[in-house]
>>> print(open('my_file_32.txt').read())   # compact mmCIF, N, CA and C atoms
# COMPACT_ATOMS: atom_id res chain seq x y z
N MET G 91 -10.25 1.20 20.88
CA MET G 91 -10.43 0.82 19.49
C MET G 91 -11.42 -0.35 19.38
N PHE G 92 -11.25 -1.36 20.20
CA PHE G 92 -12.15 -2.51 20.12
C PHE G 92 -13.46 -2.18 20.80
N VAL G 93 -14.53 -2.83 20.35
CA VAL G 93 -15.84 -2.64 20.94
C VAL G 93 -15.80 -3.09 22.40
N ASP G 94 -15.16 -4.20 22.65
CA ASP G 94 -15.01 -4.73 24.01
C ASP G 94 -13.53 -5.01 24.22
N ASP G 95 -12.93 -4.38 25.23
CA ASP G 95 -11.49 -4.51 25.45
C ASP G 95 -11.07 -5.86 26.02
N SER G 96 -12.02 -6.72 26.32
CA SER G 96 -11.70 -8.00 26.92
C SER G 96 -11.03 -8.94 25.91
N HIS G 97 -9.86 -9.40 26.28
CA HIS G 97 -9.13 -10.35 25.44
C HIS G 97 -9.93 -11.65 25.29
N ASP G 98 -10.61 -12.05 26.35
CA ASP G 98 -11.40 -13.29 26.32
C ASP G 98 -12.52 -13.22 25.29
N LYS G 99 -13.15 -12.06 25.18
CA LYS G 99 -14.24 -11.93 24.21
C LYS G 99 -13.71 -11.98 22.78
N LEU G 100 -12.56 -11.37 22.55
CA LEU G 100 -11.95 -11.43 21.23
C LEU G 100 -11.57 -12.87 20.90
N GLN G 101 -11.02 -13.58 21.89
CA GLN G 101 -10.66 -14.98 21.70
C GLN G 101 -11.90 -15.81 21.38
N ALA G 102 -13.00 -15.54 22.08
CA ALA G 102 -14.25 -16.27 21.83
C ALA G 102 -14.78 -15.99 20.42
N GLU G 103 -14.71 -14.73 19.99
CA GLU G 103 -15.14 -14.39 18.63
C GLU G 103 -14.30 -15.13 17.60
N PHE G 104 -13.00 -15.18 17.84
CA PHE G 104 -12.11 -15.85 16.90
C PHE G 104 -12.41 -17.35 16.83
N GLU G 105 -12.69 -17.96 17.98
CA GLU G 105 -13.03 -19.39 18.00
C GLU G 105 -14.33 -19.65 17.23
N LEU G 106 -15.32 -18.80 17.42
CA LEU G 106 -16.58 -18.92 16.66
C LEU G 106 -16.33 -18.76 15.16
N TRP G 107 -15.47 -17.82 14.82
CA TRP G 107 -15.13 -17.56 13.42
C TRP G 107 -14.48 -18.79 12.81
N LYS G 108 -13.51 -19.38 13.51
CA LYS G 108 -12.84 -20.58 13.01
C LYS G 108 -13.84 -21.73 12.83
N GLN G 109 -14.75 -21.90 13.79
CA GLN G 109 -15.75 -22.97 13.68
C GLN G 109 -16.67 -22.74 12.48
N ARG G 110 -17.02 -21.49 12.26
CA ARG G 110 -17.90 -21.16 11.13
C ARG G 110 -17.27 -21.60 9.81
N TRP G 111 -15.99 -21.39 9.62
CA TRP G 111 -15.34 -21.66 8.35
C TRP G 111 -14.67 -23.03 8.27
N HIS G 112 -14.57 -23.73 9.40
CA HIS G 112 -13.92 -25.04 9.39
C HIS G 112 -14.63 -26.04 8.48
N ALA G 113 -15.93 -26.07 8.54
CA ALA G 113 -16.69 -27.02 7.74
C ALA G 113 -17.26 -26.41 6.46
N ALA G 114 -16.94 -25.16 6.21
CA ALA G 114 -17.50 -24.48 5.03
C ALA G 114 -16.88 -25.03 3.76
N ALA G 115 -17.68 -25.07 2.71
CA ALA G 115 -17.21 -25.56 1.42
C ALA G 115 -16.16 -24.62 0.82
N GLU G 116 -16.38 -23.33 0.99
CA GLU G 116 -15.44 -22.36 0.43
C GLU G 116 -15.20 -21.22 1.42
N PRO G 117 -14.16 -21.35 2.26
CA PRO G 117 -13.85 -20.26 3.20
C PRO G 117 -13.25 -19.07 2.45
N PRO G 118 -13.24 -17.90 3.08
CA PRO G 118 -12.67 -16.72 2.41
C PRO G 118 -11.19 -16.94 2.09
N LYS G 119 -10.80 -16.49 0.91
CA LYS G 119 -9.41 -16.68 0.47
C LYS G 119 -8.55 -15.44 0.69
N THR G 120 -9.19 -14.29 0.82
CA THR G 120 -8.45 -13.04 1.02
C THR G 120 -9.00 -12.30 2.24
N ALA G 121 -8.23 -11.33 2.70
CA ALA G 121 -8.67 -10.51 3.83
C ALA G 121 -9.95 -9.75 3.48
N LEU G 122 -10.06 -9.30 2.24
CA LEU G 122 -11.26 -8.58 1.82
C LEU G 122 -12.48 -9.49 1.83
N ASP G 123 -12.30 -10.74 1.36
CA ASP G 123 -13.40 -11.71 1.40
C ASP G 123 -13.83 -11.98 2.84
N ALA G 124 -12.86 -12.11 3.73
CA ALA G 124 -13.16 -12.36 5.15
C ALA G 124 -13.90 -11.17 5.75
N TYR G 125 -13.44 -9.96 5.44
CA TYR G 125 -14.10 -8.76 5.96
C TYR G 125 -15.53 -8.65 5.44
N THR G 126 -15.72 -8.94 4.17
CA THR G 126 -17.06 -8.87 3.58
C THR G 126 -17.99 -9.90 4.21
N ALA G 127 -17.46 -11.08 4.52
CA ALA G 127 -18.28 -12.15 5.10
C ALA G 127 -18.51 -11.98 6.60
N CYS G 128 -17.77 -11.11 7.23
CA CYS G 128 -17.84 -10.95 8.68
C CYS G 128 -19.04 -10.10 9.08
N ASN G 129 -19.92 -10.67 9.89
CA ASN G 129 -21.09 -9.95 10.40
C ASN G 129 -20.64 -9.16 11.63
N ALA G 130 -20.63 -7.83 11.54
CA ALA G 130 -20.11 -6.98 12.61
C ALA G 130 -20.95 -7.07 13.87
N SER G 131 -22.22 -7.43 13.76
CA SER G 131 -23.03 -7.53 14.97
C SER G 131 -22.73 -8.82 15.74
N VAL G 132 -22.25 -9.84 15.05
CA VAL G 132 -21.88 -11.11 15.70
C VAL G 132 -20.41 -11.09 16.12
N TYR G 133 -19.56 -10.52 15.28
CA TYR G 133 -18.10 -10.47 15.51
C TYR G 133 -17.63 -9.02 15.51
N PRO G 134 -18.01 -8.20 16.49
CA PRO G 134 -17.66 -6.78 16.42
C PRO G 134 -16.15 -6.52 16.48
N ASN G 135 -15.45 -7.20 17.36
CA ASN G 135 -14.00 -6.98 17.48
C ASN G 135 -13.24 -7.54 16.29
N LEU G 136 -13.62 -8.70 15.85
CA LEU G 136 -12.98 -9.32 14.70
C LEU G 136 -13.22 -8.48 13.44
N SER G 137 -14.40 -7.91 13.34
CA SER G 137 -14.72 -7.05 12.20
C SER G 137 -13.78 -5.85 12.15
N ILE G 138 -13.49 -5.26 13.31
CA ILE G 138 -12.58 -4.12 13.36
C ILE G 138 -11.17 -4.55 12.96
N LEU G 139 -10.72 -5.69 13.46
CA LEU G 139 -9.39 -6.18 13.10
C LEU G 139 -9.29 -6.45 11.60
N LEU G 140 -10.32 -7.05 11.02
CA LEU G 140 -10.31 -7.32 9.58
C LEU G 140 -10.33 -6.03 8.77
N GLN G 141 -11.06 -5.04 9.26
CA GLN G 141 -11.10 -3.75 8.56
C GLN G 141 -9.72 -3.11 8.55
N VAL G 142 -9.00 -3.18 9.67
CA VAL G 142 -7.65 -2.64 9.73
C VAL G 142 -6.75 -3.41 8.76
N LEU G 143 -6.87 -4.74 8.76
CA LEU G 143 -6.06 -5.57 7.88
C LEU G 143 -6.30 -5.23 6.41
N VAL G 144 -7.55 -5.02 6.05
CA VAL G 144 -7.89 -4.73 4.65
C VAL G 144 -7.37 -3.37 4.22
N THR G 145 -7.28 -2.42 5.15
CA THR G 145 -6.87 -1.07 4.76
C THR G 145 -5.36 -0.84 4.85
N LEU G 146 -4.61 -1.78 5.40
CA LEU G 146 -3.16 -1.65 5.45
C LEU G 146 -2.56 -1.82 4.07
N PRO G 147 -1.53 -1.01 3.73
CA PRO G 147 -0.90 -1.20 2.43
C PRO G 147 -0.14 -2.52 2.39
N VAL G 148 -0.15 -3.16 1.24
CA VAL G 148 0.52 -4.44 1.08
C VAL G 148 2.03 -4.26 1.00
N THR G 149 2.47 -3.20 0.33
CA THR G 149 3.90 -2.93 0.21
C THR G 149 4.18 -1.51 0.66
N THR G 150 5.44 -1.18 0.76
CA THR G 150 5.83 0.17 1.15
C THR G 150 6.44 0.92 -0.03
N ALA G 151 6.25 0.43 -1.23
CA ALA G 151 6.87 1.04 -2.41
C ALA G 151 6.41 2.49 -2.60
N THR G 152 5.13 2.76 -2.47
CA THR G 152 4.63 4.11 -2.69
C THR G 152 5.17 5.09 -1.65
N PRO G 153 5.12 4.78 -0.34
CA PRO G 153 5.70 5.73 0.61
C PRO G 153 7.21 5.90 0.46
N GLU G 154 7.92 4.88 0.00
CA GLU G 154 9.36 4.98 -0.12
C GLU G 154 9.81 5.71 -1.38
N ARG G 155 8.95 5.78 -2.38
CA ARG G 155 9.33 6.40 -3.65
C ARG G 155 9.78 7.85 -3.48
N PRO G 156 9.06 8.69 -2.72
CA PRO G 156 9.54 10.07 -2.57
C PRO G 156 10.91 10.14 -1.91
N PHE G 157 11.20 9.25 -0.97
CA PHE G 157 12.47 9.29 -0.29
C PHE G 157 13.62 8.93 -1.22
N SER G 158 13.37 8.03 -2.17
CA SER G 158 14.43 7.71 -3.12
C SER G 158 14.68 8.91 -4.04
N THR G 159 13.62 9.66 -4.33
CA THR G 159 13.78 10.88 -5.12
C THR G 159 14.55 11.93 -4.33
N PHE G 160 14.25 12.04 -3.02
CA PHE G 160 14.90 13.03 -2.19
C PHE G 160 16.36 12.68 -1.93
N GLY G 161 16.75 11.45 -2.23
CA GLY G 161 18.14 11.04 -2.04
C GLY G 161 19.08 11.81 -2.95
N ARG G 162 18.56 12.46 -3.94
CA ARG G 162 19.37 13.25 -4.89
C ARG G 162 19.65 14.64 -4.37
N ARG G 163 19.45 14.87 -3.10
CA ARG G 163 19.54 16.20 -2.51
C ARG G 163 20.89 16.87 -2.75
N SER G 164 21.95 16.13 -2.79
CA SER G 164 23.27 16.75 -2.93
C SER G 164 23.40 17.49 -4.26
N SER G 165 22.62 17.12 -5.25
CA SER G 165 22.75 17.75 -6.57
C SER G 165 21.72 18.84 -6.81
N MET G 166 20.90 19.15 -5.80
CA MET G 166 19.90 20.21 -6.01
C MET G 166 19.78 21.06 -4.75
N GLY G 167 19.32 22.28 -4.94
CA GLY G 167 19.18 23.20 -3.81
C GLY G 167 17.94 22.91 -2.98
N ASP G 168 17.89 23.48 -1.78
CA ASP G 168 16.76 23.27 -0.88
C ASP G 168 15.45 23.78 -1.46
N GLU G 169 15.49 24.92 -2.14
CA GLU G 169 14.26 25.48 -2.72
C GLU G 169 13.69 24.55 -3.79
N ARG G 170 14.57 24.04 -4.63
CA ARG G 170 14.12 23.13 -5.69
C ARG G 170 13.60 21.83 -5.08
N LEU G 171 14.30 21.30 -4.06
CA LEU G 171 13.87 20.08 -3.40
C LEU G 171 12.49 20.26 -2.77
N THR G 172 12.28 21.40 -2.11
CA THR G 172 10.98 21.69 -1.50
C THR G 172 9.89 21.76 -2.57
N SER G 173 10.19 22.41 -3.68
CA SER G 173 9.22 22.53 -4.78
C SER G 173 8.87 21.16 -5.36
N LEU G 174 9.88 20.32 -5.56
CA LEU G 174 9.62 18.98 -6.08
C LEU G 174 8.80 18.15 -5.10
N ALA G 175 9.07 18.30 -3.81
CA ALA G 175 8.29 17.58 -2.80
C ALA G 175 6.84 18.03 -2.83
N LEU G 176 6.60 19.33 -2.93
CA LEU G 176 5.22 19.84 -2.99
C LEU G 176 4.50 19.35 -4.24
N ILE G 177 5.20 19.34 -5.36
CA ILE G 177 4.60 18.84 -6.60
C ILE G 177 4.22 17.38 -6.44
N HIS G 178 5.10 16.60 -5.85
CA HIS G 178 4.83 15.17 -5.67
C HIS G 178 3.64 14.94 -4.74
N VAL G 179 3.58 15.68 -3.64
CA VAL G 179 2.51 15.51 -2.66
C VAL G 179 1.15 15.90 -3.24
N HIS G 180 1.12 16.98 -4.01
CA HIS G 180 -0.16 17.50 -4.51
C HIS G 180 -0.47 17.07 -5.94
N ALA G 181 0.33 16.19 -6.52
CA ALA G 181 0.15 15.81 -7.93
C ALA G 181 -1.20 15.17 -8.20
N GLN G 182 -1.70 14.38 -7.27
CA GLN G 182 -2.97 13.68 -7.51
C GLN G 182 -4.17 14.58 -7.29
N THR G 183 -4.05 15.59 -6.43
CA THR G 183 -5.20 16.44 -6.14
C THR G 183 -5.23 17.72 -6.96
N THR G 184 -4.07 18.15 -7.47
CA THR G 184 -3.99 19.38 -8.24
C THR G 184 -3.39 19.07 -9.60
N PRO G 185 -4.21 19.11 -10.65
CA PRO G 185 -3.65 18.82 -11.97
C PRO G 185 -2.65 19.89 -12.39
N ILE G 186 -1.53 19.44 -12.93
CA ILE G 186 -0.48 20.36 -13.37
C ILE G 186 -0.45 20.36 -14.89
N GLU G 187 -0.60 21.54 -15.47
CA GLU G 187 -0.60 21.69 -16.92
C GLU G 187 0.78 22.18 -17.36
N PRO G 188 1.55 21.37 -18.06
CA PRO G 188 2.90 21.78 -18.48
C PRO G 188 2.91 23.05 -19.32
N VAL G 189 1.91 23.25 -20.14
CA VAL G 189 1.86 24.44 -21.01
C VAL G 189 1.79 25.70 -20.15
N GLU G 190 0.99 25.67 -19.09
CA GLU G 190 0.87 26.83 -18.20
C GLU G 190 2.20 27.12 -17.51
N ILE G 191 2.88 26.08 -17.09
CA ILE G 191 4.16 26.26 -16.41
C ILE G 191 5.19 26.87 -17.36
N VAL G 192 5.25 26.37 -18.57
CA VAL G 192 6.20 26.91 -19.55
C VAL G 192 5.86 28.36 -19.87
N ASP G 193 4.58 28.68 -20.03
CA ASP G 193 4.19 30.07 -20.29
C ASP G 193 4.59 31.00 -19.15
N LYS G 194 4.37 30.58 -17.90
CA LYS G 194 4.76 31.41 -16.75
C LYS G 194 6.27 31.59 -16.70
N PHE G 195 7.01 30.52 -16.99
CA PHE G 195 8.46 30.59 -16.99
C PHE G 195 8.94 31.56 -18.07
N ALA G 196 8.32 31.51 -19.25
CA ALA G 196 8.71 32.38 -20.35
C ALA G 196 8.46 33.85 -20.02
N LEU G 197 7.44 34.13 -19.23
CA LEU G 197 7.10 35.51 -18.89
C LEU G 197 7.99 36.09 -17.80
N THR G 198 8.79 35.26 -17.12
CA THR G 198 9.63 35.76 -16.03
C THR G 198 10.87 36.48 -16.51
N GLY G 199 11.15 36.47 -17.79
CA GLY G 199 12.30 37.21 -18.30
C GLY G 199 13.21 36.33 -19.11
N PRO G 200 14.31 36.93 -19.59
CA PRO G 200 15.24 36.15 -20.40
C PRO G 200 15.97 35.11 -19.55
N HIS G 201 16.21 33.98 -20.14
CA HIS G 201 16.90 32.89 -19.46
C HIS G 201 18.08 32.46 -20.33
N LYS G 202 19.23 32.43 -19.69
CA LYS G 202 20.43 32.02 -20.43
C LYS G 202 20.83 30.62 -20.02
N LEU G 203 21.24 29.85 -21.00
CA LEU G 203 21.75 28.53 -20.74
C LEU G 203 23.22 28.52 -21.10
N ASN G 204 24.05 28.09 -20.19
CA ASN G 204 25.49 28.03 -20.43
C ASN G 204 25.84 26.60 -20.76
N PHE G 205 25.99 26.32 -22.06
CA PHE G 205 26.31 24.97 -22.49
C PHE G 205 27.80 24.68 -22.41
N LEU G 206 28.61 25.72 -22.32
CA LEU G 206 30.07 25.56 -22.23
C LEU G 206 30.50 25.92 -20.83
N ARG G 207 30.87 24.94 -20.06
CA ARG G 207 31.29 25.24 -18.68
C ARG G 207 32.76 25.20 -18.56
>>> encode(input="my_file_32.txt", output="structure tokens")
Amino acid sequence: MFVDDSHDKLQAEFELWKQRWHAAAEPPKTALDAYTACNASVYPNLSILLQVLVTLPVTTATPERPFSTFGRRSSMGDERLTSLALIHVHAQTTPIEPVEIVDKFALTGPHKLNFLR
């Protein structure tokens, strides 16, 4: 992953980086600012580390959201759960039109609702 696997070279890059910003009037305040200011030809290993840092998610709320939805499994069947999971996964890439879904459902035949159980 690193341009040079030597720990000593990474340490040297980090020391140069610290010296560069020690006397600076305005050092980078965020990981993105640091990545933008990092010259990859001077700090190749540090640049890779900063790129990884910038692309890591800050929270785990988005990956955990589907699992909290799937926690309702006891009240729904496997087929419905699978369908809901597929809808959730593809929701951003495949637009879902509610009118089309209702029309397809209406064409599948009569549907009875039992309100008195």
>>> closest_residue(input="my_file_32.txt", among="G:Ala196, G:Leu136, G:Ala124, G:Ala115", to="Gln101 (chain G)", atoms="only C-alpha atoms")
G:Leu136
>>> closest_residue(input="my_file_32.txt", among="G:Leu139, G:Ser131, G:Ala114, G:Lys119", to="Leu100 (chain G)", atoms="only C-alpha atoms")
G:Leu139
>>> atom_distance(input="my_file_32.txt", atom1="atom N of Ala102 (chain G)", atom2="CA of Gln141 (chain G)")
18.0 Å
>>> atom_distance(input="my_file_32.txt", atom1="atom N of Leu143 (chain G)", atom2="CA of Ala113 (chain G)")
24.4 Å
